[in-house]
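Below is the file upload21.csv, which contains CSV, C-alpha atoms.
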```csv
chain,number,residue,atom,x,y,z
A,1,MET,CA,118.1,88.6,80.0
A,2,PHE,CA,115.6,90.9,81.8
A,3,PHE,CA,117.7,94.1,81.9
A,4,LYS,CA,118.4,95.1,78.3
A,5,LEU,CA,116.6,98.4,78.5
A,6,LYS,CA,118.8,101.2,79.8
A,7,ARG,CA,116.7,104.3,79.1
A,8,PRO,CA,112.9,104.9,79.6
A,9,CYS,CA,110.8,104.7,76.5
A,10,LYS,CA,109.2,107.8,75.1
A,11,ASN,CA,105.9,107.1,76.9
A,12,CYS,CA,107.1,105.3,80.0
A,13,PRO,CA,104.6,105.8,82.9
A,14,PHE,CA,107.6,106.8,85.1
A,15,LEU,CA,108.4,109.9,83.0
A,16,LYS,CA,107.9,113.4,84.5
A,17,GLU,CA,106.3,114.4,81.3
A,18,GLY,CA,104.8,112.5,78.3
A,19,GLY,CA,104.2,109.2,80.0
A,20,VAL,CA,101.3,106.9,78.9
A,21,PRO,CA,98.1,108.1,80.6
A,22,LEU,CA,97.1,105.9,83.5
A,23,ALA,CA,93.9,105.7,85.5
A,24,LYS,CA,94.0,107.9,88.7
A,25,GLY,CA,96.0,106.2,91.4
A,26,ARG,CA,97.4,103.5,89.1
A,27,LEU,CA,101.0,104.7,89.2
A,28,ASP,CA,100.8,104.9,93.0
A,29,GLY,CA,99.7,101.3,92.9
A,30,ILE,CA,102.6,100.2,90.7
A,31,VAL,CA,105.0,102.1,92.9
A,32,GLN,CA,103.5,100.4,96.0
A,33,GLU,CA,103.9,97.0,94.5
A,34,LEU,CA,107.5,97.8,93.5
A,35,VAL,CA,108.5,99.0,96.9
A,36,GLU,CA,106.3,97.2,99.4
A,37,LYS,CA,105.9,93.9,97.6
A,38,ASP,CA,109.4,93.8,96.0
A,39,MET,CA,107.8,93.2,92.6
A,40,ASP,CA,109.2,93.8,89.1
A,41,PHE,CA,107.5,95.9,86.4
A,42,THR,CA,107.7,94.8,82.7
A,43,CYS,CA,108.0,97.5,80.0
A,44,HIS,CA,104.7,97.6,78.2
A,45,LYS,CA,106.5,97.8,74.8
A,46,THR,CA,108.1,94.3,75.4
A,47,ILE,CA,104.9,92.5,76.1
A,48,ASP,CA,102.8,90.6,73.5
A,49,TYR,CA,99.7,89.7,75.4
A,50,LYS,CA,98.3,87.7,72.5
A,51,SER,CA,101.1,85.2,72.3
A,52,GLN,CA,101.8,85.1,76.0
A,53,MET,CA,98.3,84.1,77.2
A,54,VAL,CA,97.9,80.5,77.9
A,55,GLU,CA,94.8,78.5,78.8
A,56,THR,CA,94.6,77.2,82.4
A,57,THR,CA,93.2,73.9,83.4
A,58,ASP,CA,89.9,75.5,84.5
A,59,GLY,CA,89.5,77.3,81.1
A,60,ASP,CA,90.6,80.7,82.1
A,61,GLU,CA,93.6,82.5,80.5
A,62,GLU,CA,96.8,83.5,82.3
A,63,PHE,CA,99.7,85.7,81.2
A,64,VAL,CA,103.1,84.0,81.2
A,65,LYS,CA,106.2,86.1,81.2
A,66,ASP,CA,108.9,85.5,78.5
A,67,TYR,CA,112.1,86.6,80.2
A,68,GLU,CA,113.9,86.8,76.8
A,69,ARG,CA,111.4,89.2,75.3
A,70,ASN,CA,109.9,90.9,78.3
A,71,GLN,CA,112.2,93.5,79.9
A,72,HIS,CA,112.1,95.3,83.2
A,73,CYS,CA,110.9,98.9,82.7
A,74,ALA,CA,113.9,101.1,82.7
A,75,GLY,CA,111.9,104.0,84.2
A,76,ALA,CA,111.0,101.7,87.1
A,77,LEU,CA,114.6,100.7,87.5
A,78,ILE,CA,115.7,104.3,87.6
A,79,PHE,CA,112.9,105.2,90.0
A,80,LEU,CA,113.9,102.4,92.4
A,81,GLU,CA,117.6,103.4,92.2
A,82,LYS,CA,116.6,107.0,93.0
A,83,MET,CA,114.9,105.6,96.2
A,84,ASP,CA,118.0,103.4,96.9
A,85,ARG,CA,115.5,100.5,97.0
A,86,PRO,CA,116.4,98.0,94.2
A,87,ASN,CA,113.9,95.2,94.0
A,88,GLN,CA,114.7,91.5,94.3
A,89,ALA,CA,115.2,91.1,90.5
A,90,MET,CA,117.6,94.0,90.4
A,91,ARG,CA,119.6,92.7,93.4
A,92,LEU,CA,119.8,89.2,92.0
A,93,GLY,CA,120.6,90.5,88.5
A,94,GLU,CA,123.4,92.6,89.9
A,95,ARG,CA,124.9,89.7,91.7
A,96,LEU,CA,124.8,87.5,88.6
A,97,GLY,CA,126.3,90.3,86.4
A,98,LEU,CA,123.1,90.8,84.4
A,99,TYR,CA,122.2,94.2,85.8
A,100,ASN,CA,124.4,97.3,86.2
A,101,ARG,CA,122.8,100.4,87.7
A,102,PHE,CA,125.6,102.6,86.2
A,103,GLU,CA,124.4,101.8,82.7
A,104,LEU,CA,121.0,103.4,83.2
A,105,GLU,CA,120.4,106.7,81.4
A,106,GLY,CA,117.7,109.4,81.7
A,107,HIS,CA,117.6,109.8,85.4
A,108,GLU,CA,116.5,113.4,85.0
A,109,LEU,CA,113.4,112.3,83.0
A,110,VAL,CA,112.0,110.0,85.7
A,111,ILE,CA,109.7,111.1,88.4
A,112,GLU,CA,111.1,111.8,91.9
A,113,PRO,CA,110.2,109.5,94.7
A,114,GLU,CA,109.4,112.5,96.9
A,115,ASN,CA,106.4,113.2,94.7
A,116,MET,CA,104.9,109.8,95.2
A,117,LYS,CA,102.8,108.3,98.0
A,118,VAL,CA,105.4,105.7,99.1
A,119,LYS,CA,107.3,104.8,102.2
A,120,LYS,CA,111.1,104.8,101.8
```

For the structure just supplied, provide its representation as structure tokens.
Amino acid sequence: MFFKLKRPCKNCPFLKEGGVPLAKGRLDGIVQELVEKDMDFTCHKTIDYKSQMVETTDGDEEFVKDYERNQHCAGALIFLEKMDRPNQAMRLGERLGLYNRFELEGHELVIEPENMKVKK
């Protein structure tokens, strides 16, 4: 399941205060991918980069998602719900009964879409 998280973690990048520090413009880039490219955003606390990196045929390494362990960022879910722009994963999850927007908590903690450089 990809939607186990119901509340943003204590240093979620989508928090109004106390979020993990990001490089200038990084959050705008994440929001742009969420909204314009319909991407999902994995919670940083659910990723184990060491065990999820696999070697490709050309000798490079590639990150592979583990949909049991890796969870969609609850802050991103709330942000997208505030915009009334659920991404493809959210829409599909809702249809399959895996995601319920009414279970999300902490809306007041998450940044407002109006404060971001994003098209509704």

- Message: Residues near Gly75 (chain A), anyone? I mean within 8 Å using only C-alpha atoms, not counting same-chain ones fewer than 4 positions away, as a ChimeraX atom specification.
- Response: /A:7-9,12-15,79,110

- Task: Return the single residue from A:Lys45, A:Lys6, A:Lys37, A:Lys16 that is closest to Glu112 (chain A), with distances computed using only C-alpha atoms.
- Result: A:Lys16

- Item | All residues 9 Å or closer to Val31 (chain A), only C-alpha atoms, same chain fewer than 2 positions away omitted, as a PyMOL selection string | chain A and resi 26-29+33-36+76+79-80+116-118

Residue contacts of Asn70 (chain A) (12 Å, all atoms listed in the file) excluding same-chain residues fewer than 2 positions away, as a PDB file with C-alpha atoms, in the frame of the given file:
```pdb
ATOM      1  CA  MET A   1     118.100  88.600  80.000  1.00  0.00           C
ATOM      2  CA  PHE A   2     115.600  90.900  81.800  1.00  0.00           C
ATOM      3  CA  PHE A   3     117.700  94.100  81.900  1.00  0.00           C
ATOM      4  CA  LYS A   4     118.400  95.100  78.300  1.00  0.00           C
ATOM      5  CA  LEU A   5     116.600  98.400  78.500  1.00  0.00           C
ATOM      6  CA  ASP A  40     109.200  93.800  89.100  1.00  0.00           C
ATOM      7  CA  PHE A  41     107.500  95.900  86.400  1.00  0.00           C
ATOM      8  CA  THR A  42     107.700  94.800  82.700  1.00  0.00           C
ATOM      9  CA  CYS A  43     108.000  97.500  80.000  1.00  0.00           C
ATOM     10  CA  HIS A  44     104.700  97.600  78.200  1.00  0.00           C
ATOM     11  CA  LYS A  45     106.500  97.800  74.800  1.00  0.00           C
ATOM     12  CA  THR A  46     108.100  94.300  75.400  1.00  0.00           C
ATOM     13  CA  ILE A  47     104.900  92.500  76.100  1.00  0.00           C
ATOM     14  CA  ASP A  48     102.800  90.600  73.500  1.00  0.00           C
ATOM     15  CA  TYR A  49      99.700  89.700  75.400  1.00  0.00           C
ATOM     16  CA  GLN A  52     101.800  85.100  76.000  1.00  0.00           C
ATOM     17  CA  PHE A  63      99.700  85.700  81.200  1.00  0.00           C
ATOM     18  CA  VAL A  64     103.100  84.000  81.200  1.00  0.00           C
ATOM     19  CA  LYS A  65     106.200  86.100  81.200  1.00  0.00           C
ATOM     20  CA  ASP A  66     108.900  85.500  78.500  1.00  0.00           C
ATOM     21  CA  TYR A  67     112.100  86.600  80.200  1.00  0.00           C
ATOM     22  CA  GLU A  68     113.900  86.800  76.800  1.00  0.00           C
ATOM     23  CA  HIS A  72     112.100  95.300  83.200  1.00  0.00           C
ATOM     24  CA  CYS A  73     110.900  98.900  82.700  1.00  0.00           C
ATOM     25  CA  ALA A  74     113.900 101.100  82.700  1.00  0.00           C
TER      26      ALA A  74
END
```

- Any idea what the distance is between CA of Met53 (chain A) and CA of Gly93 (chain A)? 25.8 Å

- Which distance in Å separates CA of Glu17 (chain A) and CA of Arg85 (chain A), to one decimal?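 If I compute the distance from CA of Glu17 (chain A) to CA of Arg85 (chain A), I get 22.9 Å.
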
- Message: Between CA of Gly19 (chain A) and CA of Met83 (chain A), what is the distance in Å, rounded to a tenth?
- Response: 19.7 Å
